Structure formats: structure tokens, C-alpha cells
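Below: start-v8.pdb (PDB, C-alpha atoms, pLDDT in the B column)
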```pdb
ATOM      1  CA  MET A   1     -15.632  38.761  12.591  1.00 40.00           C
ATOM      2  CA  ASP A   2     -15.983  34.997  13.116  1.00 46.00           C
ATOM      3  CA  ALA A   3     -19.326  35.443  14.831  1.00 48.00           C
ATOM      4  CA  LEU A   4     -20.484  37.754  12.101  1.00 47.00           C
ATOM      5  CA  ARG A   5     -19.463  35.302   9.446  1.00 45.00           C
ATOM      6  CA  ARG A   6     -21.201  32.404  11.133  1.00 46.00           C
ATOM      7  CA  ASN A   7     -24.431  34.369  11.325  1.00 49.00           C
ATOM      8  CA  ILE A   8     -24.287  35.316   7.713  1.00 44.00           C
ATOM      9  CA  LEU A   9     -23.647  31.738   6.694  1.00 42.00           C
ATOM     10  CA  LYS A  10     -26.492  30.594   8.885  1.00 46.00           C
ATOM     11  CA  ASN A  11     -28.864  33.084   7.332  1.00 47.00           C
ATOM     12  CA  ALA A  12     -28.068  32.496   3.707  1.00 45.00           C
ATOM     13  CA  GLY A  13     -26.701  29.625   1.720  1.00 43.00           C
ATOM     14  CA  GLY A  14     -24.498  31.256  -0.886  1.00 43.00           C
ATOM     15  CA  VAL A  15     -21.075  31.843   0.619  1.00 42.00           C
ATOM     16  CA  GLY A  16     -19.482  33.390  -2.445  1.00 43.00           C
ATOM     17  CA  ALA A  17     -22.223  35.865  -3.203  1.00 47.00           C
ATOM     18  CA  ILE A  18     -22.533  36.930   0.413  1.00 47.00           C
ATOM     19  CA  GLY A  19     -18.800  37.389   0.774  1.00 47.00           C
ATOM     20  CA  LEU A  20     -18.774  39.535  -2.321  1.00 49.00           C
ATOM     21  CA  ALA A  21     -21.697  41.559  -1.035  1.00 50.00           C
ATOM     22  CA  ILE A  22     -19.883  42.262   2.209  1.00 48.00           C
ATOM     23  CA  GLY A  23     -16.687  43.113   0.388  1.00 48.00           C
ATOM     24  CA  ALA A  24     -18.552  45.566  -1.805  1.00 49.00           C
ATOM     25  CA  GLY A  25     -20.198  47.102   1.238  1.00 48.00           C
ATOM     26  CA  LEU A  26     -23.626  46.080  -0.003  1.00 52.00           C
ATOM     27  CA  LEU A  27     -24.527  43.957   2.982  1.00 50.00           C
ATOM     28  CA  LYS A  28     -24.905  45.831   6.219  1.00 49.00           C
ATOM     29  CA  PRO A  29     -23.515  43.840   9.143  1.00 49.00           C
ATOM     30  CA  THR A  30     -26.359  45.002  11.405  1.00 50.00           C
ATOM     31  CA  LEU A  31     -28.892  43.399   9.122  1.00 49.00           C
ATOM     32  CA  ALA A  32     -26.812  40.356   8.366  1.00 49.00           C
ATOM     33  CA  LEU A  33     -26.709  39.724  12.071  1.00 49.00           C
ATOM     34  CA  ALA A  34     -30.476  39.888  12.332  1.00 60.00           C
ATOM     35  CA  ASP A  35     -31.824  36.434  12.979  1.00 85.00           C
ATOM     36  CA  TRP A  36     -33.926  34.587  10.472  1.00 94.00           C
ATOM     37  CA  ASN A  37     -35.441  31.530  12.054  1.00 96.00           C
ATOM     38  CA  LYS A  38     -35.321  28.957   9.266  1.00 95.00           C
ATOM     39  CA  ALA A  39     -36.894  26.225  11.395  1.00 96.00           C
ATOM     40  CA  ALA A  40     -39.923  28.403  12.141  1.00 97.00           C
ATOM     41  CA  PHE A  41     -40.401  29.458   8.530  1.00 97.00           C
ATOM     42  CA  ASP A  42     -39.935  25.865   7.311  1.00 96.00           C
ATOM     43  CA  ALA A  43     -42.470  24.538   9.832  1.00 97.00           C
ATOM     44  CA  LYS A  44     -45.416  22.830   8.105  1.00 97.00           C
ATOM     45  CA  THR A  45     -47.937  23.401  10.901  1.00 97.00           C
ATOM     46  CA  VAL A  46     -48.916  26.255  13.205  1.00 96.00           C
ATOM     47  CA  PRO A  47     -48.124  24.342  16.440  1.00 96.00           C
ATOM     48  CA  GLU A  48     -44.631  23.567  15.130  1.00 97.00           C
ATOM     49  CA  ALA A  49     -43.966  27.183  14.058  1.00 96.00           C
ATOM     50  CA  VAL A  50     -45.161  28.719  17.334  1.00 96.00           C
ATOM     51  CA  LYS A  51     -43.207  26.172  19.358  1.00 96.00           C
ATOM     52  CA  VAL A  52     -39.980  27.007  17.522  1.00 94.00           C
ATOM     53  CA  LEU A  53     -40.480  30.726  18.178  1.00 94.00           C
ATOM     54  CA  GLY A  54     -41.556  30.207  21.787  1.00 94.00           C
ATOM     55  CA  VAL A  55     -45.047  31.687  21.392  1.00 96.00           C
ATOM     56  CA  ALA A  56     -47.219  28.621  22.024  1.00 95.00           C
ATOM     57  CA  ASN A  57     -50.258  28.664  24.341  1.00 94.00           C
ATOM     58  CA  ALA A  58     -51.416  32.194  23.558  1.00 97.00           C
ATOM     59  CA  ALA A  59     -54.763  33.227  25.070  1.00 97.00           C
ATOM     60  CA  GLU A  60     -57.625  34.178  22.722  1.00 98.00           C
ATOM     61  CA  SER A  61     -58.180  37.931  22.828  1.00 98.00           C
ATOM     62  CA  LYS A  62     -60.885  40.224  21.454  1.00 98.00           C
ATOM     63  CA  ASP A  63     -58.433  43.124  21.742  1.00 98.00           C
ATOM     64  CA  ILE A  64     -56.654  41.982  18.588  1.00 98.00           C
ATOM     65  CA  VAL A  65     -58.414  43.074  15.409  1.00 98.00           C
ATOM     66  CA  ILE A  66     -57.497  41.432  12.115  1.00 98.00           C
ATOM     67  CA  LYS A  67     -58.656  43.247   9.025  1.00 98.00           C
ATOM     68  CA  ALA A  68     -58.634  41.037   5.945  1.00 98.00           C
ATOM     69  CA  PRO A  69     -61.174  40.324   3.209  1.00 97.00           C
ATOM     70  CA  ASP A  70     -63.903  37.740   3.944  1.00 97.00           C
ATOM     71  CA  ILE A  71     -63.363  36.433   0.443  1.00 96.00           C
ATOM     72  CA  ALA A  72     -60.045  36.799  -1.361  1.00 95.00           C
ATOM     73  CA  GLU A  73     -60.609  36.170  -5.036  1.00 89.00           C
ATOM     74  CA  ASN A  74     -56.891  35.904  -5.615  1.00 92.00           C
ATOM     75  CA  GLY A  75     -54.693  34.314  -2.951  1.00 94.00           C
ATOM     76  CA  VAL A  76     -51.569  35.864  -4.478  1.00 95.00           C
ATOM     77  CA  VAL A  77     -52.250  39.207  -2.781  1.00 96.00           C
ATOM     78  CA  VAL A  78     -54.367  39.265   0.371  1.00 97.00           C
ATOM     79  CA  PRO A  79     -54.184  42.502   2.388  1.00 98.00           C
ATOM     80  CA  VAL A  80     -53.944  41.893   6.139  1.00 98.00           C
ATOM     81  CA  GLU A  81     -53.911  44.494   8.907  1.00 98.00           C
ATOM     82  CA  VAL A  82     -53.369  43.499  12.516  1.00 98.00           C
ATOM     83  CA  THR A  83     -54.204  45.967  15.265  1.00 98.00           C
ATOM     84  CA  SER A  84     -53.484  45.042  18.858  1.00 98.00           C
ATOM     85  CA  ASN A  85     -55.266  47.225  21.378  1.00 98.00           C
ATOM     86  CA  ILE A  86     -53.442  45.460  24.205  1.00 98.00           C
ATOM     87  CA  PRO A  87     -51.236  47.941  26.095  1.00 97.00           C
ATOM     88  CA  GLY A  88     -47.559  47.159  25.912  1.00 97.00           C
ATOM     89  CA  THR A  89     -47.745  45.274  22.605  1.00 98.00           C
ATOM     90  CA  GLU A  90     -44.150  44.514  21.659  1.00 98.00           C
ATOM     91  CA  TYR A  91     -44.462  41.721  19.089  1.00 98.00           C
ATOM     92  CA  ILE A  92     -46.877  40.641  16.345  1.00 98.00           C
ATOM     93  CA  MET A  93     -46.719  37.393  14.384  1.00 98.00           C
ATOM     94  CA  VAL A  94     -48.881  36.640  11.341  1.00 98.00           C
ATOM     95  CA  LEU A  95     -49.697  33.124  10.122  1.00 98.00           C
ATOM     96  CA  ALA A  96     -51.862  31.720   7.311  1.00 98.00           C
ATOM     97  CA  GLU A  97     -52.837  28.445   8.932  1.00 97.00           C
ATOM     98  CA  ASN A  98     -53.452  26.416   5.763  1.00 96.00           C
ATOM     99  CA  ASN A  99     -50.382  27.544   3.820  1.00 96.00           C
ATOM    100  CA  PRO A 100     -47.735  24.856   3.125  1.00 95.00           C
ATOM    101  CA  THR A 101     -45.538  26.809   5.574  1.00 97.00           C
ATOM    102  CA  PRO A 102     -47.925  28.839   7.770  1.00 98.00           C
ATOM    103  CA  LEU A 103     -45.553  31.423   9.244  1.00 98.00           C
ATOM    104  CA  ILE A 104     -45.783  34.605   7.157  1.00 98.00           C
ATOM    105  CA  ALA A 105     -43.841  37.136   9.228  1.00 98.00           C
ATOM    106  CA  ASP A 106     -43.137  38.455  12.682  1.00 97.00           C
ATOM    107  CA  PHE A 107     -42.445  41.969  13.923  1.00 98.00           C
ATOM    108  CA  ASP A 108     -40.579  43.227  16.997  1.00 97.00           C
ATOM    109  CA  LEU A 109     -41.956  46.651  17.870  1.00 98.00           C
ATOM    110  CA  THR A 110     -39.929  49.076  19.988  1.00 97.00           C
ATOM    111  CA  ASN A 111     -39.392  52.766  20.789  1.00 97.00           C
ATOM    112  CA  GLY A 112     -42.972  53.913  20.229  1.00 97.00           C
ATOM    113  CA  ALA A 113     -43.977  51.534  17.419  1.00 98.00           C
ATOM    114  CA  MET A 114     -47.653  50.824  17.996  1.00 98.00           C
ATOM    115  CA  GLY A 115     -49.418  47.460  17.960  1.00 98.00           C
ATOM    116  CA  TYR A 116     -50.176  47.662  14.278  1.00 98.00           C
ATOM    117  CA  VAL A 117     -48.801  46.144  11.098  1.00 98.00           C
ATOM    118  CA  ALA A 118     -50.178  46.017   7.573  1.00 98.00           C
ATOM    119  CA  ILE A 119     -48.866  43.587   4.964  1.00 98.00           C
ATOM    120  CA  ARG A 120     -50.000  41.730   1.851  1.00 98.00           C
ATOM    121  CA  ILE A 121     -49.735  37.965   2.014  1.00 98.00           C
ATOM    122  CA  LYS A 122     -50.039  34.877  -0.164  1.00 97.00           C
ATOM    123  CA  MET A 123     -52.681  32.316   0.742  1.00 96.00           C
ATOM    124  CA  GLY A 124     -52.686  28.853  -0.782  1.00 93.00           C
ATOM    125  CA  LYS A 125     -56.250  28.087   0.226  1.00 93.00           C
ATOM    126  CA  THR A 126     -59.146  29.047   2.457  1.00 96.00           C
ATOM    127  CA  GLY A 127     -58.327  29.172   6.129  1.00 97.00           C
ATOM    128  CA  PRO A 128     -57.716  31.289   9.191  1.00 98.00           C
ATOM    129  CA  VAL A 129     -55.277  34.183   9.203  1.00 98.00           C
ATOM    130  CA  ARG A 130     -53.937  34.141  12.739  1.00 98.00           C
ATOM    131  CA  ALA A 131     -52.124  36.818  14.720  1.00 98.00           C
ATOM    132  CA  ILE A 132     -50.115  36.178  17.866  1.00 98.00           C
ATOM    133  CA  VAL A 133     -49.278  39.179  20.029  1.00 98.00           C
ATOM    134  CA  LYS A 134     -46.821  39.544  22.872  1.00 98.00           C
ATOM    135  CA  ALA A 135     -47.608  42.330  25.344  1.00 98.00           C
ATOM    136  CA  ASN A 136     -45.744  42.802  28.615  1.00 95.00           C
ATOM    137  CA  GLY A 137     -44.351  39.314  28.147  1.00 94.00           C
ATOM    138  CA  LYS A 138     -47.789  37.655  27.818  1.00 97.00           C
ATOM    139  CA  LEU A 139     -49.147  35.990  24.688  1.00 98.00           C
ATOM    140  CA  TYR A 140     -52.500  36.660  23.033  1.00 98.00           C
ATOM    141  CA  THR A 141     -54.041  35.461  19.783  1.00 98.00           C
ATOM    142  CA  ALA A 142     -56.939  35.992  17.383  1.00 98.00           C
ATOM    143  CA  PHE A 143     -57.846  34.816  13.905  1.00 98.00           C
ATOM    144  CA  LYS A 144     -59.994  35.742  10.952  1.00 98.00           C
ATOM    145  CA  GLN A 145     -61.289  33.259   8.426  1.00 98.00           C
ATOM    146  CA  VAL A 146     -60.484  34.173   4.812  1.00 97.00           C
ATOM    147  CA  LYS A 147     -62.058  32.312   1.921  1.00 96.00           C
ATOM    148  CA  VAL A 148     -59.660  32.012  -1.006  1.00 96.00           C
ATOM    149  CA  THR A 149     -61.151  31.481  -4.460  1.00 91.00           C
ATOM    150  CA  ILE A 150     -57.882  31.022  -6.382  1.00 79.00           C
ATOM    151  CA  GLY A 151     -54.868  29.899  -4.344  1.00 71.00           C
ATOM    152  CA  GLY A 152     -51.672  31.894  -4.535  1.00 69.00           C
ATOM    153  CA  CYS A 153     -48.847  29.801  -3.218  1.00 62.00           C
ATOM    154  CA  GLY A 154     -47.340  28.874  -6.552  1.00 55.00           C
ATOM    155  CA  GLY A 155     -46.546  32.515  -7.261  1.00 46.00           C
TER     156      GLY A 155
ATOM    157  CA  MET B 156     -32.955  48.043  -8.397  1.00 84.00           C
ATOM    158  CA  GLU B 157     -35.966  50.330  -8.253  1.00 91.00           C
ATOM    159  CA  PRO B 158     -36.058  52.598  -5.218  1.00 94.00           C
ATOM    160  CA  MET B 159     -38.371  51.835  -2.323  1.00 97.00           C
ATOM    161  CA  ARG B 160     -41.520  53.944  -2.323  1.00 97.00           C
ATOM    162  CA  MET B 161     -42.286  55.405   1.097  1.00 98.00           C
ATOM    163  CA  ARG B 162     -44.808  57.761   2.619  1.00 97.00           C
ATOM    164  CA  ALA B 163     -44.950  58.953   6.228  1.00 98.00           C
ATOM    165  CA  THR B 164     -47.779  61.151   7.423  1.00 97.00           C
ATOM    166  CA  ILE B 165     -48.557  62.305  10.939  1.00 96.00           C
ATOM    167  CA  GLN B 166     -51.757  62.740  12.897  1.00 95.00           C
ATOM    168  CA  GLY B 167     -51.303  64.120  16.394  1.00 94.00           C
ATOM    169  CA  ASP B 168     -48.156  62.370  17.596  1.00 94.00           C
ATOM    170  CA  VAL B 169     -48.676  59.170  15.610  1.00 97.00           C
ATOM    171  CA  ALA B 170     -46.758  58.672  12.385  1.00 98.00           C
ATOM    172  CA  ASP B 171     -48.339  56.418   9.769  1.00 98.00           C
ATOM    173  CA  ILE B 172     -45.646  54.926   7.563  1.00 98.00           C
ATOM    174  CA  LYS B 173     -46.341  53.003   4.384  1.00 98.00           C
ATOM    175  CA  LEU B 174     -43.881  51.545   1.923  1.00 98.00           C
ATOM    176  CA  LEU B 175     -43.628  49.487  -1.233  1.00 98.00           C
ATOM    177  CA  ILE B 176     -40.573  47.419  -2.130  1.00 98.00           C
ATOM    178  CA  ASN B 177     -39.812  46.142  -5.594  1.00 98.00           C
ATOM    179  CA  HIS B 178     -38.981  42.450  -5.093  1.00 97.00           C
ATOM    180  CA  PRO B 179     -39.950  39.182  -6.856  1.00 97.00           C
ATOM    181  CA  GLU B 180     -40.680  37.261  -3.606  1.00 97.00           C
ATOM    182  CA  GLU B 181     -40.170  33.883  -5.270  1.00 96.00           C
ATOM    183  CA  THR B 182     -41.270  31.007  -3.031  1.00 94.00           C
ATOM    184  CA  GLY B 183     -39.021  28.383  -4.597  1.00 93.00           C
ATOM    185  CA  LEU B 184     -42.165  26.334  -5.350  1.00 89.00           C
ATOM    186  CA  ARG B 185     -43.126  27.947  -8.649  1.00 90.00           C
ATOM    187  CA  LYS B 186     -42.252  26.424 -12.007  1.00 91.00           C
ATOM    188  CA  ASP B 187     -41.282  28.624 -14.914  1.00 92.00           C
ATOM    189  CA  PRO B 188     -44.115  27.997 -17.402  1.00 91.00           C
ATOM    190  CA  LYS B 189     -41.700  28.139 -20.362  1.00 93.00           C
ATOM    191  CA  THR B 190     -38.893  25.899 -19.137  1.00 93.00           C
ATOM    192  CA  GLY B 191     -40.732  23.765 -16.581  1.00 93.00           C
ATOM    193  CA  GLN B 192     -37.850  24.427 -14.183  1.00 94.00           C
ATOM    194  CA  ILE B 193     -38.403  25.438 -10.559  1.00 94.00           C
ATOM    195  CA  VAL B 194     -37.703  29.149 -10.077  1.00 95.00           C
ATOM    196  CA  PRO B 195     -35.254  29.394  -7.153  1.00 95.00           C
ATOM    197  CA  ALA B 196     -36.474  30.957  -3.921  1.00 96.00           C
ATOM    198  CA  HIS B 197     -35.716  34.680  -3.734  1.00 97.00           C
ATOM    199  CA  PHE B 198     -37.396  36.520  -0.907  1.00 97.00           C
ATOM    200  CA  ILE B 199     -36.824  39.150   1.757  1.00 98.00           C
ATOM    201  CA  THR B 200     -35.846  37.668   5.128  1.00 97.00           C
ATOM    202  CA  ASN B 201     -35.398  40.710   7.376  1.00 97.00           C
ATOM    203  CA  VAL B 202     -36.716  44.260   7.484  1.00 98.00           C
ATOM    204  CA  THR B 203     -35.797  46.960   9.967  1.00 97.00           C
ATOM    205  CA  ALA B 204     -37.085  50.481  10.433  1.00 98.00           C
ATOM    206  CA  THR B 205     -35.656  53.387  12.385  1.00 98.00           C
ATOM    207  CA  VAL B 206     -37.011  56.823  13.291  1.00 97.00           C
ATOM    208  CA  ASN B 207     -34.228  59.376  13.838  1.00 97.00           C
ATOM    209  CA  GLY B 208     -31.801  56.477  14.172  1.00 96.00           C
ATOM    210  CA  LYS B 209     -33.770  54.574  16.836  1.00 97.00           C
ATOM    211  CA  GLN B 210     -35.016  51.132  15.838  1.00 97.00           C
ATOM    212  CA  VAL B 211     -38.811  50.899  15.911  1.00 98.00           C
ATOM    213  CA  LEU B 212     -39.395  47.708  13.941  1.00 98.00           C
ATOM    214  CA  SER B 213     -37.449  44.526  13.254  1.00 97.00           C
ATOM    215  CA  ALA B 214     -39.223  41.917  11.173  1.00 98.00           C
ATOM    216  CA  GLN B 215     -38.597  38.432   9.857  1.00 98.00           C
ATOM    217  CA  TRP B 216     -40.397  37.683   6.613  1.00 98.00           C
ATOM    218  CA  GLY B 217     -40.976  34.337   4.896  1.00 97.00           C
ATOM    219  CA  VAL B 218     -42.090  33.320   1.409  1.00 97.00           C
ATOM    220  CA  GLY B 219     -45.733  34.116   2.254  1.00 97.00           C
ATOM    221  CA  ILE B 220     -45.204  37.833   1.706  1.00 98.00           C
ATOM    222  CA  SER B 221     -46.674  38.887  -1.660  1.00 98.00           C
ATOM    223  CA  LYS B 222     -44.549  39.998  -4.620  1.00 97.00           C
ATOM    224  CA  ASN B 223     -43.561  43.685  -4.467  1.00 98.00           C
ATOM    225  CA  PRO B 224     -44.166  43.801  -0.720  1.00 98.00           C
ATOM    226  CA  PHE B 225     -46.241  46.421   1.058  1.00 98.00           C
ATOM    227  CA  MET B 226     -45.767  47.236   4.725  1.00 98.00           C
ATOM    228  CA  GLY B 227     -47.487  49.720   6.980  1.00 98.00           C
ATOM    229  CA  PHE B 228     -46.702  50.548  10.611  1.00 98.00           C
ATOM    230  CA  LYS B 229     -47.345  53.322  13.120  1.00 98.00           C
ATOM    231  CA  VAL B 230     -45.047  55.095  15.545  1.00 98.00           C
ATOM    232  CA  LYS B 231     -46.242  57.098  18.538  1.00 97.00           C
ATOM    233  CA  GLY B 232     -44.226  60.063  19.779  1.00 96.00           C
ATOM    234  CA  ALA B 233     -42.973  60.976  16.331  1.00 95.00           C
ATOM    235  CA  LYS B 234     -43.102  64.463  14.829  1.00 95.00           C
ATOM    236  CA  ALA B 235     -43.030  66.089  11.435  1.00 96.00           C
ATOM    237  CA  GLY B 236     -39.484  66.246  10.140  1.00 97.00           C
ATOM    238  CA  ASP B 237     -38.331  63.009  11.793  1.00 97.00           C
ATOM    239  CA  LYS B 238     -36.307  60.797   9.466  1.00 97.00           C
ATOM    240  CA  VAL B 239     -37.559  57.262   8.759  1.00 98.00           C
ATOM    241  CA  VAL B 240     -35.155  54.678   7.318  1.00 98.00           C
ATOM    242  CA  VAL B 241     -36.259  51.199   6.222  1.00 98.00           C
ATOM    243  CA  THR B 242     -33.739  48.518   5.238  1.00 97.00           C
ATOM    244  CA  TRP B 243     -34.302  44.995   3.958  1.00 97.00           C
ATOM    245  CA  VAL B 244     -32.072  42.043   3.194  1.00 97.00           C
ATOM    246  CA  ASP B 245     -33.050  38.952   1.209  1.00 96.00           C
ATOM    247  CA  ASN B 246     -32.007  35.301   1.121  1.00 96.00           C
ATOM    248  CA  LYS B 247     -29.411  36.068  -1.556  1.00 95.00           C
ATOM    249  CA  GLY B 248     -27.809  38.779   0.566  1.00 94.00           C
ATOM    250  CA  GLU B 249     -29.137  41.618  -1.552  1.00 96.00           C
ATOM    251  CA  THR B 250     -30.125  44.642   0.486  1.00 97.00           C
ATOM    252  CA  GLN B 251     -31.699  48.061   0.035  1.00 97.00           C
ATOM    253  CA  SER B 252     -32.524  51.055   2.196  1.00 97.00           C
ATOM    254  CA  GLY B 253     -35.077  53.774   1.684  1.00 97.00           C
ATOM    255  CA  GLU B 254     -35.649  56.922   3.649  1.00 97.00           C
ATOM    256  CA  THR B 255     -38.258  59.595   3.971  1.00 97.00           C
ATOM    257  CA  THR B 256     -39.184  62.446   6.262  1.00 97.00           C
ATOM    258  CA  ILE B 257     -42.364  62.343   8.307  1.00 97.00           C
ATOM    259  CA  GLY B 258     -44.957  64.769   7.072  1.00 93.00           C
ATOM    260  CA  SER B 259     -43.391  65.242   3.680  1.00 55.00           C
TER     261      SER B 259
END
```

Show the structure stored in the file as C-alpha cells.
Amino acid sequence: MDALRRNILKNAGGVGAIGLAIGAGLLKPTLALADWNKAAFDAKTVPEAVKVLGVANAAESKDIVIKAPDIAENGVVVPVEVTSNIPGTEYIMVLAENNPTPLIADFDLTNGAMGYVAIRIKMGKTGPVRAIVKANGKLYTAFKQVKVTIGGCGG
Amino acid sequence: MEPMRMRATIQGDVADIKLLINHPEETGLRKDPKTGQIVPAHFITNVTATVNGKQVLSAQWGVGISKNPFMGFKVKGAKAGDKVVVTWVDNKGETQSGETTIGS
């Protein structure tokens, strides 16, 4: 229970609310134990974020396809689809390079999950949307430039 | 809390799963236009998905995910009738699960 508690405290600030949530059975221990890497999500630059998560020095790959609009009129909602055609894809990370904190999300894919994720992201301004893929323990990357007309990081 | 909206279709042996979550996804940077006060951060931090109880996806999300998040993913080797469960937890410790059946 001590380990569980430490993880929960690490993942969220509010002790009282979390304790209540656990007591009420609202917070599932399996999820509470899931890591959330604050340092990576707080990182202000791509190199910092990828270093924290141990995915630096990825090789450029044409086998990663990023589908996103060329021009996003509204940065509040930018649809992004990442498809990795690299066999053995087990991990996909998505970053918006020019956001105040570039790391958007990462995905561990197991038990048949394919190298594909679709999400909608916020973009503060024009810049590359980058994907980093791990396949058979090796790192690959690709990006797509998205022009943002109205930034969406305040919302 | 509004229920998660999920849809899981299958083509061959690949399930295509799409879902919508009702969540404010506040960055903690936005000011309330009426009060001028910063609206506290409130965003989903972790999402997991299982098919018939086996974990297929485990994600970390940050504040860059849009309000009322959408997620799509694909699972090979699935079949019609398999049960998909998606669970999220946010930075306030709130959590929600949704489930659907592939092909329904």
C-alpha cells in the first residue's frame, strides 16, 4: 500500500481528493499506478522531452506517415493520425514542436495493437508535428509541418 | 459525468476503435474571461485500453490534447464480439471507463 500511495502522490497533487477517490472506489489502483512523466510533459523543448523519456537520436523514417492538415485554421483542435508501417511498432510519441510544452502524448502498444493512433491536439503556433516510433527496440521519427492560423494553447 | 462514446468496427481481423471522452482538458494557462483568474489545470493523464481483458494500449496524455478528447486505434487479431474497455484518469484523480463490443 505504501508503494501505491507514493505513486498516487507522485502523479497528482491533491492528497485529500485522491484519498477520497480511492476510499470511494473511484480511482482504480491499476491506473493510479500508471506512470505520468511530469518532467517530460513539463519540458519546454523537444530535445529535453525526448531525453527525459529516453527516445533521443531517432532515425528519420519514410515508413511513418503523419496525417494532419497543411493549414489548421484553429489550433484548438488539430486532427493528427500517425501510422507506422515499421514492423514491430510498440510505441508512438506525438509532439507539437513549437508548443510551450511540446510533448502531447505517448502510447505503448501491445497484444496486437497496430502502429496507429489518431488524436486531436492543440497547437499554439505553426510548426512541425513530430512522431517518434519505437519498433523492436529501435527509434524512428518523422514530422509534418502544420501551419496554424489562430493558435490554440490558451484553451 | 457524460458517458464515453465508443465505436468498434472490424475489417478482416483488424478492429478499428474510436472514442470520444467528455473532458474540459484545461491547460492551466487559460484565464477566465469574466474573472481574469487562471483556470486551474484539469486534464487526462493516463488512458488504457483492453480487448477481452488484455491490455492493448497504455497512453500518457498532456495538456496538448484537445477538449473533449478523441482517440482512435487499431487492434489486429480481434474478432466481432470481443469486448473493448477504455479507462482514463485525470490530474485530479477523476476516472471513467467505457466499454463496447467489436462489431456492434

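Across the model, the gap from atom CA of A:Val52 to atom CA of A:Ala39 is 6.9 Å.
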
Neighbours of chain B in chain A at 6 Å, counting all atoms listed in the file, as number ranges by chain: A: 12, 18, 77, 104-114, 116-122, 154-155

Interatomic distance, atom CA of A:Pro128 to atom CA of A:Ala40 (Å, one decimal): 18.3 Å

Picked residues, the PyMOL selection byres ((chain B and resi 159) around 7), as an MDAnalysis selection string: chainID B and resid 157:158 160:161 174:177 253

Contacts of stretch 144-153 of chain A within 6 Å, only C-alpha atoms, excl. fewer than 5 positions in-chain, as a PyMOL selection string: chain A and resi 70-76+122-129

Atoms to include: C-alpha atoms. Write the selected residues as a JSON list (two decimals), in the coordinates of the input.
```json
[["chain", "number", "residue", "atom", "x", "y", "z"],
["A", 70, "ASP", "CA", -63.90, 37.74, 3.94],
["A", 71, "ILE", "CA", -63.36, 36.43, 0.44],
["A", 72, "ALA", "CA", -60.04, 36.80, -1.36],
["A", 73, "GLU", "CA", -60.61, 36.17, -5.04],
["A", 74, "ASN", "CA", -56.89, 35.90, -5.62],
["A", 75, "GLY", "CA", -54.69, 34.31, -2.95],
["A", 76, "VAL", "CA", -51.57, 35.86, -4.48],
["A", 122, "LYS", "CA", -50.04, 34.88, -0.16],
["A", 123, "MET", "CA", -52.68, 32.32, 0.74],
["A", 124, "GLY", "CA", -52.69, 28.85, -0.78],
["A", 125, "LYS", "CA", -56.25, 28.09, 0.23],
["A", 126, "THR", "CA", -59.15, 29.05, 2.46],
["A", 127, "GLY", "CA", -58.33, 29.17, 6.13],
["A", 128, "PRO", "CA", -57.72, 31.29, 9.19],
["A", 129, "VAL", "CA", -55.28, 34.18, 9.20]]
```

One-decimal distance in Å that lies between atom CA of A:Val133 and atom CA of A:Lys51: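 So the answer is 14.4 Å.
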
Let me have the centre and edge lengths in Å, one decimal, of the box along x, y and z around every listed atom of stretch 32-49 of chain A with 6 Å of margin on each side, as lines of an AutoDock Vina configuration file.
```
center_x = -37.8
center_y = 31.6
center_z = 11.9
size_x = 34.2
size_y = 29.5
size_z = 21.1
```

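For the structure shown here, the set of residues caught by the PyMOL selection byres ((chain A and resi 46) around 10) is Ala40, Ala43, Lys44, Thr45, Pro47, Glu48, Ala49, Val50, Lys51, Val52, Ala56, Leu95, Ala96, Glu97, Asn98, Asn99, Thr101, Pro102, Leu103 and Arg130 of chain A.
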
Shell of 7 Å around stretch 62-66 of chain A, all atoms listed in the file, local chain residues under 5 positions omitted, as a PyMOL selection string: chain A and resi 80-86+142-144

Can you write out the residues you just picked, keeping C-alpha atoms, as a PDB file, in the coordinates of the input?
```
ATOM      1  CA  VAL A  80     -53.944  41.893   6.139  1.00 98.00           C
ATOM      2  CA  GLU A  81     -53.911  44.494   8.907  1.00 98.00           C
ATOM      3  CA  VAL A  82     -53.369  43.499  12.516  1.00 98.00           C
ATOM      4  CA  THR A  83     -54.204  45.967  15.265  1.00 98.00           C
ATOM      5  CA  SER A  84     -53.484  45.042  18.858  1.00 98.00           C
ATOM      6  CA  ASN A  85     -55.266  47.225  21.378  1.00 98.00           C
ATOM      7  CA  ILE A  86     -53.442  45.460  24.205  1.00 98.00           C
ATOM      8  CA  ALA A 142     -56.939  35.992  17.383  1.00 98.00           C
ATOM      9  CA  PHE A 143     -57.846  34.816  13.905  1.00 98.00           C
ATOM     10  CA  LYS A 144     -59.994  35.742  10.952  1.00 98.00           C
TER      11      LYS A 144
END
```

Best match for closeness to A:Val94 among A:Gly54, A:Thr141, A:Ile132, A:Asn37, counting only C-alpha atoms: A:Ile132

The PyMOL selection byres ((chain B and resi 164) around 8) resolved against shown file, as number ranges by chain: B: 162-163, 165-166, 170-172, 235, 257-259
